[in-house]
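A short worksheet on the structure shown next.
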Amino acid sequence: MMRVASLTNRIFLACTLLATLSLGFAFYFVNAKATTEAEASLERELTDAASLVDQQRAQLTDIYTGWARVIADSSTLKAAVDTGDAPTVQPFADNYVKAMSPPPDVFVVSDRRGRVVAVAGTGAAAIDPAEGRGSIDATSRVIAHDRGILQVVSVPIFLTGDPPAVLGRLFLGFFLDDNLAQRLQAGTGSQIAFGADGRVLASSLPDSANAPLGAAMNANGITRVRFNDEEFLALSRSIASSGGAPDGATHPVVITLRSRTERLRFLTTVRNGLVGALILTMLLATILSYAVARTMTRPLAAVTGAMRHVAATGDLTRKVALRSRAWDDEDARVLAASFNTLTESISRFQQEASQKDRLSSLGRLSTVVAHEIRNPLMIIRAALSSLRRPGMSDLELRDAIADIEGETQRLNRLVTEVLDFAKPIRFELREADLNEICRSSVAAAWAGVARDSVRLEFDAQLPPLVTDAERLRTALVNILVNARHAVEAAAPVVAGHGSVAVAERPTVIVRTMQRGDRVEVTIRDQGTGIAADDMAHIFDPYFTTRRAGTGLGLPISRNIIEGLGGSIRVRSTRGAGTDISVDLPLAAPGATE
Amino acid sequence: MRKVILSLSLVITAVVAVPAQRPLGSIRGRVDVRRVVAAPERRPGVADLGSPAARDVPDTRRAVVYLESAPSPAFEEREPVRMSMDQRNETFYPHVLAVTVGAVVDFPNSDSTYHNVFSLSKAKRFDLGRYARGKSKAIVFDKPGMVRVFCDIHSHMSAFILVFNHPYFATTDAEGRYRIDNLPPGTYAVAAWHEGETRDNRSVTIPPQGGPVDLDFDIP
């Protein structure tokens, strides 16, 4: 199933369908028209040919009648016939036959009693010499003969008078035979056959056609005849005798045939050409419509690709790269340009928003900072006033100095954290050992405190990591300090060093492992856990549950980890402990490697 | 076939002996040709242009009555006869000419055109060739029989010349009358001929005292 919803496919389908329909209709129309025209012209030609054959036959008959009249009117023939003596007449007949070209197939002279007095020609035997005896009418009749149809004209040999003195009769005839059929075929372009009573007597066709032709002989109008794997249109026309000659029992016909197969073969050639043109045009139309669709969909695909990339990576700097092509769709180009403008705008707005966010955070920070600063300042001032007091003891002096020192450190840490959060992080990536980073982080988190509650489960096979080791350590330290505080808060007794059995104390487990092309640091503590209400705010800046906390530890950690291409996941059960997983790529984004 | 019979009969008659110095009789009568014979339509010729020539009516009504068996005196030596058959207005005139054997027949051309006279008949085959106006050619008919003459230029022209070896024959006049004289008494077969064929045969007896006998023929 094609994706019809796709614009490319729609345009493509529409164009192809349009081309197919229009061309198909054109083909159908032309084909139907050509077929009808071919059939009609075939029938027309057939009728014309039949008429031409009729005309030819009539003309030949007329010519023979003319000859017969001229010959019958010759004095010598009259004188000869009048003798009724065959040896007298025969030489005249022979002379006439010799003089005629082509020689007639029948040249018979009968005397006034109907006796033959001269005879020549191959068809002479078929003549009844007594026919028309004493009549002065010219007759024309057709006789079925094995060689074909014999067309015979007969004219009287007579002396003018009233009544005219009939001396005899001259019969002149010619065969409608194979020879004439072939000549007529050459002249009319149609096959010709002569026959009578369902039997083909002569034709321009091979003998194998005789049987099917015989069947078509008595049909009225145009019929179809099939033989030799060819279909013919056949038109049968009867030839009648005229001039009072008896018609006899036979019904001679002329059949004109035209090959329908041959005509259709020509039509098939035309049709094949049409189909070829059709396929070619459709192919062209398909390619063209595909190309047109592409001009629109390629820019769209570029835009879509850029959108996907932006959606996947959040990289708003990604632009839709449009190579300027003259035939690309203008609308799609505008769309691409708009998308570029849009991402630029979003990027700008985002920068502005984050700036605003940062500024508003700074506002809130100021309050916290002011509050945070004021407490140490009060303590420092109190310590300073005790220092000013005369006669203070060494202990008091040490206390005061310790107070000042401690609060100054606290202030310093506060300032560092605020600065860390406020300023954009710039990473310095280089190869580092995650296990080492973890180890130093633990050392920093538990600085000055017994580390017996920490258990390290490092994966010794861990590959080196490309990251900013210092920043990552900061992030981990923040998490570990939280964990330390959590376990310390969960400890039933804050006792002296090593006074409580290890097994009974809540522990922090730091574990590293590799997962594919990423590494994971898991920090699991069995501390107090995080309240469900607080869970949603743990990454909010300045959210803290400790009196001395700035609430910036975890937000900073997350900033750093996400900046290094990693992610942080927190699972916690109140009273059971917290499980923090830091997932990092082997190479931080931006690393040249 | 009829012509053959005719010529044969003419020969056979020679055998019949007739006593001499007897009173002579004659046969007379009328041959009525029933068939209305009109003159043939004359074909217009180049010569007719401008001045229509007077038309001659061919005398196709004419018949010949003759004895099929003739008495012996018939074969006595006779003076050769000279007769004429004119050609005018593209017609042989007269249409029927009856002569005895040895007769000379002239064929003058009175037309302005050339004419030819020929015959293919067995009794006399001849061809006088073509000749111009005013010329005349003659031919001797030395055998009994019927001779039909034609003109090879004008195919509508034809005429009959009947040649007898005895003098007992007569051509009918315009009214169809005829008369055969000098006949010894006896019984004779008389035939009436018209237009190429013997149409009627009769038997007639001349009484011993001689005298005329009437015999009419009716030809349908």
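Labeling convention for the structure tokens: chains A, B, ... as they appear, residues from 1 per chain, ligands from 1 in order of appearance.
Around Ser203 (chain A), within 7 Å and counting only C-alpha atoms, the residues found are Asp177, Asp178, Ala181, Ile192, Ala193 and Phe194 of chain A, once anything fewer than 5 positions away on its own chain is removed.
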Include N, CA, C and O atoms and write out the residues we just selected as a CSV table (one decimal), in the first residue's frame.
chain,number,residue,atom,x,y,z
A,177,ASP,N,-13.1,-16.2,-66.6
A,177,ASP,CA,-12.3,-17.3,-66.1
A,177,ASP,C,-11.2,-16.9,-65.1
A,177,ASP,O,-11.2,-15.7,-64.7
A,178,ASP,N,-10.3,-17.8,-64.7
A,178,ASP,CA,-9.2,-17.5,-63.8
A,178,ASP,C,-8.4,-16.3,-64.3
A,178,ASP,O,-8.0,-15.4,-63.5
A,181,ALA,N,-10.3,-13.1,-63.9
A,181,ALA,CA,-10.4,-12.8,-62.5
A,181,ALA,C,-9.1,-12.2,-62.0
A,181,ALA,O,-9.1,-11.2,-61.2
A,192,ILE,N,-11.4,-11.8,-57.0
A,192,ILE,CA,-12.7,-12.0,-57.8
A,192,ILE,C,-12.9,-13.5,-58.0
A,192,ILE,O,-11.9,-14.3,-58.2
A,193,ALA,N,-14.1,-13.9,-57.9
A,193,ALA,CA,-14.5,-15.3,-58.1
A,193,ALA,C,-15.7,-15.4,-59.0
A,193,ALA,O,-16.6,-14.5,-58.8
A,194,PHE,N,-15.8,-16.3,-59.9
A,194,PHE,CA,-17.0,-16.5,-60.6
A,194,PHE,C,-17.6,-17.9,-60.3
A,194,PHE,O,-16.8,-18.9,-60.2
* Find the residues near Lys135 (chain B): any atom within 10 Å, counting only C-alpha atoms, skip ones fewer than 6 places away on the same chain, and give them as a list in words. =>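 Contacts, with the query itself left out: Phe107, Pro108, Asn109, Ser110, Asp111, Tyr114 and His115 of chain B.
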Would you pick out the contacts of Asp583 (chain A) at 7 Å or less, using only C-alpha atoms, so that residues sharing its chain but fewer than 4 positions from it are not included, and give the list as a short mmCIF file (atom, residue, chain, number, x, y, z; two decimals) with all heavy atoms, in the first residue's frame?
data_model
loop_
_atom_site.label_atom_id
_atom_site.label_comp_id
_atom_site.auth_asym_id
_atom_site.auth_seq_id
_atom_site.Cartn_x
_atom_site.Cartn_y
_atom_site.Cartn_z
N ARG A 518 28.14 4.00 27.23
CA ARG A 518 27.95 4.97 28.33
C ARG A 518 28.46 4.34 29.62
O ARG A 518 28.57 3.12 29.74
CB ARG A 518 26.46 5.32 28.47
CG ARG A 518 25.89 5.96 27.20
CD ARG A 518 24.45 6.34 27.40
NE ARG A 518 24.29 7.62 28.05
CZ ARG A 518 24.32 8.79 27.42
NH1 ARG A 518 24.51 8.83 26.11
NH2 ARG A 518 24.18 9.93 28.08
N VAL A 519 28.71 5.22 30.53
CA VAL A 519 29.10 4.71 31.87
C VAL A 519 28.11 5.26 32.89
O VAL A 519 27.45 6.27 32.65
CB VAL A 519 30.54 5.13 32.26
CG1 VAL A 519 31.55 4.35 31.43
CG2 VAL A 519 30.72 6.60 32.10
N GLU A 520 28.01 4.53 33.99
CA GLU A 520 27.02 4.93 35.00
C GLU A 520 27.68 4.93 36.39
O GLU A 520 28.42 4.02 36.74
CB GLU A 520 25.85 3.96 34.97
CG GLU A 520 24.63 4.47 35.71
CD GLU A 520 23.47 3.47 35.61
OE1 GLU A 520 23.44 2.53 36.42
OE2 GLU A 520 22.62 3.65 34.72
N VAL A 521 27.38 6.00 37.09
CA VAL A 521 27.85 6.07 38.50
C VAL A 521 26.60 6.02 39.38
O VAL A 521 25.67 6.81 39.16
CB VAL A 521 28.61 7.39 38.77
CG1 VAL A 521 29.10 7.42 40.21
CG2 VAL A 521 29.76 7.54 37.80
N GLY A 566 25.30 13.92 29.89
CA GLY A 566 24.79 12.83 30.71
C GLY A 566 23.41 13.14 31.24
O GLY A 566 22.76 14.11 30.82
N SER A 567 22.95 12.26 32.13
CA SER A 567 21.64 12.51 32.75
C SER A 567 21.71 12.03 34.20
O SER A 567 22.55 11.22 34.56
CB SER A 567 20.55 11.75 31.99
OG SER A 567 20.79 10.36 32.10
N ILE A 568 20.82 12.59 34.99
CA ILE A 568 20.81 12.22 36.41
C ILE A 568 19.42 11.74 36.77
O ILE A 568 18.42 12.31 36.32
CB ILE A 568 21.28 13.43 37.28
CG1 ILE A 568 21.29 13.01 38.77
CG2 ILE A 568 20.41 14.66 37.08
CD1 ILE A 568 22.10 14.00 39.60
#
* Shell around Trp193 (chain B) at 8 Å using only C-alpha atoms, local window under 6 positions removed, as a list in words -> Ala63, Val64, Val65, Tyr66, Arg199 and Asp200 of chain B
